[in-house]
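Just below is one structure, and these are the notes that go with it.
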Amino acid sequence: MVDLGIPQIPPTLAPRRVSRQLKLGHDDRAVLVGGGAPVSVQSMTTTVTADVNATLQQIAELTASGCQIVRVAVPSADDAEALPQIARKSQIPVIADIHFQPRYVFAAIDAGCAAVRVNPGNIKEFDDKVAEIAKAAADAQVPIRIGVNAGSLDKRLLAKHGSATPDALVESALWECSLFEEHGFRDIKISVKHHDPVVMVSAYRKLAAACDYPLHLGVTEAGPFFQGTVKSSVAFGVLLAEGIGDTIRVSLSAPPAEEAKVGIAILESLNLRQRRLEIVSCPSCGRAQVDVYKLAEEVTAGLDGLEVPLRVAVMGCVVNGPGEARDADLGVASGNGKGQIFVKGKVVATVPESKIVETLIDEAMRLAEEAGDEGATGKPVVVTP
């Protein structure tokens, strides 16, 4: 197998925080969370859960995008009735998202869901049900995520702290944990989400120092695609670089599969997940003698679906171009209407600008075949103008 220059165990910025480990699921679809397991990527369906076919179709799309855990909303009895079929047929673990009605927690456990998320701040009389929930979850070996949100914080804590401060979020989470702990239940994962990345980071730092439960990271209501990606990337980058976080969800006003893709990219950029295709391209400037934007877009589109770890440099001038192209597995240094093609640091061809994309894709496919083509999901298509 050809060495593509990507380390099998890449360096990370800080050691992972030591936490308990949970197992979501009981078969070959199960995902480990915490306790040294790789950071996993979650998303949530936007379908009406009671529409089983639509929900399973969206879960299939999420699975194909790389999502590892999926959450489904359960606001009604019809949704609860759909859970057994969804949990059985989903290709990845299903978490039931419960608000307002404690009885749906029991329905989700009975349905075979891999875990249940509860929001203590908006479940009436939730504290009185903890003993029953703890017993049912323990008997079925179903973990509970205590999900505290700034927008639905318990009114008593809002009155005490004045707003959804980091201390208020952490106090809420740890209080609910203590109720479960009184009944010997500790298969718990915690999230303390806030729309402000600064508040969110502070809350998770405090929480990480106060307990050893695995943590689910999220900037809640992060916003539209661009804004939400920036806010989530900043917050996750800070925390994950400090070793904090065991599973993540990028909350976007965008299709769920886009959430998963952004989450995966964040983990890859921090070396918390094996990098796949990586395009290194210059931002262009007055020195560029080719259309770098167009080249980068066409190469990215043409190599879509290639899972073999490959670093491809698409450069537009002679300043940084040759160095970056030489340092990548595959690259092009462009200028004067032509491009020098580098493979593993050596120039293998000089081609006209019109042939750059085609040549890069041909070389990428050759490298993938030499590597055993283990990760390719299909032959990339050359995209031409």
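Each chain in the structure tokens gets a letter, A, B and so on, in the order shown; residues start at 1 in every chain, and ligands are counted from 1 in the order they appear.
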Considering only C-alpha atoms, give me a table of residues in segment 201-273 of chain A that are at most 9 Å from segment 17-23 of chain A, with the closest atom pair and distance in Å for each, as JSON lines.
{"residue": "A:Ala208", "atom": "CA", "partner": "A:Arg17", "partner_atom": "CA", "distance": 7.9}
{"residue": "A:Cys211", "atom": "CA", "partner": "A:Ser19", "partner_atom": "CA", "distance": 8.3}
{"residue": "A:Asp212", "atom": "CA", "partner": "A:Ser19", "partner_atom": "CA", "distance": 4.6}
{"residue": "A:Tyr213", "atom": "CA", "partner": "A:Ser19", "partner_atom": "CA", "distance": 5.5}
{"residue": "A:Pro214", "atom": "CA", "partner": "A:Ser19", "partner_atom": "CA", "distance": 5.4}
{"residue": "A:Leu215", "atom": "CA", "partner": "A:Ser19", "partner_atom": "CA", "distance": 8.5}
{"residue": "A:Glu242", "atom": "CA", "partner": "A:Arg17", "partner_atom": "CA", "distance": 8.1}
{"residue": "A:Gly243", "atom": "CA", "partner": "A:Arg17", "partner_atom": "CA", "distance": 5.1}
{"residue": "A:Ile244", "atom": "CA", "partner": "A:Arg17", "partner_atom": "CA", "distance": 5.7}
{"residue": "A:Gly245", "atom": "CA", "partner": "A:Arg17", "partner_atom": "CA", "distance": 7.7}
{"residue": "A:Asp246", "atom": "CA", "partner": "A:Ser19", "partner_atom": "CA", "distance": 8.7}
Inset, instruction - Assign secondary structure with DSSP using the backbone only, and return the residues of segment 92-219 of chain A in alpha helix (DSSP H) as a count of residues only. - result: 61
Inset, instruction - Compile the contact shell of segment 55-70 of chain A as number ranges by chain: residues with an atom at most 6 Å away, counting only C-alpha atoms, same-chain residues fewer than 6 positions apart removed. - result: A: 41-44, 47, 49, 92-94, 257, 260
Inset, instruction - Write out as a count of residues only which residues come within 7 Å of Val312 of chain A when counting only C-alpha atoms, dropping same-chain ones fewer than 4 positions away. - result: 7
Legend entry - Asp291 of chain A surroundings by only C-alpha atoms, 12 Å radius, close-in-sequence under 4 positions cut, as a list in words: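 In the requested format, the answer is Ser281, Cys282, Pro283, Ser284, Cys285, Gly286, Arg287, Leu295, Ala296, Glu297, Glu298, Val314, Met315, Gly316, Cys317, Ser334, Gly335, Asn336, Gly337, Lys338, Gly339, Glu353, Ser354, Ile356 and Val357 of chain A.
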Legend entry - Which of A:Val74, A:Leu239, A:Val348, A:Val262 sits closest to His99 of chain A [using only C-alpha atoms]: A:Val74
Inset, instruction - Using only C-alpha atoms, determine which residues lie at most 12 Å from Ala241 of chain A, disregarding the query and same-chain residues fewer than 6 positions distant; provide the list as a VMD selection string. - result: chain A and resid 11 to 17 201 205 233 to 235 266 to 267 269 to 272
Could the residues in this selection be written to a file with C-alpha atoms, as an mmCIF file, in the first residue's frame?
data_model
loop_
_atom_site.group_PDB
_atom_site.id
_atom_site.type_symbol
_atom_site.label_atom_id
_atom_site.label_comp_id
_atom_site.auth_asym_id
_atom_site.auth_seq_id
_atom_site.Cartn_x
_atom_site.Cartn_y
_atom_site.Cartn_z
ATOM 1 C CA PRO A 11 -0.722 14.805 16.593
ATOM 2 C CA THR A 12 -3.356 16.641 18.611
ATOM 3 C CA LEU A 13 -3.192 19.928 20.485
ATOM 4 C CA ALA A 14 -3.890 18.523 23.961
ATOM 5 C CA PRO A 15 -4.598 15.186 25.647
ATOM 6 C CA ARG A 16 -8.259 14.228 25.761
ATOM 7 C CA ARG A 17 -10.070 14.841 29.023
ATOM 8 C CA VAL A 201 -17.023 27.701 26.094
ATOM 9 C CA ARG A 205 -14.823 24.444 30.861
ATOM 10 C CA SER A 233 -16.024 26.049 14.566
ATOM 11 C CA VAL A 234 -14.692 28.697 16.949
ATOM 12 C CA ALA A 235 -16.324 27.206 20.046
ATOM 13 C CA ILE A 266 -13.878 20.414 12.214
ATOM 14 C CA LEU A 267 -12.614 17.122 13.623
ATOM 15 C CA SER A 269 -8.852 19.991 10.894
ATOM 16 C CA LEU A 270 -7.932 19.307 14.544
ATOM 17 C CA ASN A 271 -6.502 15.855 13.726
ATOM 18 C CA LEU A 272 -9.257 14.252 15.799
#
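Secondary structure of segment 202-312 of chain A, strand (DSSP E) only (DSSP, backbone atoms): His216, Leu217, Thr247, Ile248, Arg249, Leu277, Glu278, Ile279, Val280, Ser281, Leu310, Arg311 and Val312 of chain A.
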Inset, instruction - Rank nothing, just name the residue among A:Ala265, A:Leu153, A:Val148, A:Ala313 nearest to Lys344 of chain A, using only C-alpha atoms. - result: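 Among A:Ala265, A:Leu153, A:Val148, A:Ala313, it is A:Ala313 that comes nearest to Lys344 of chain A.
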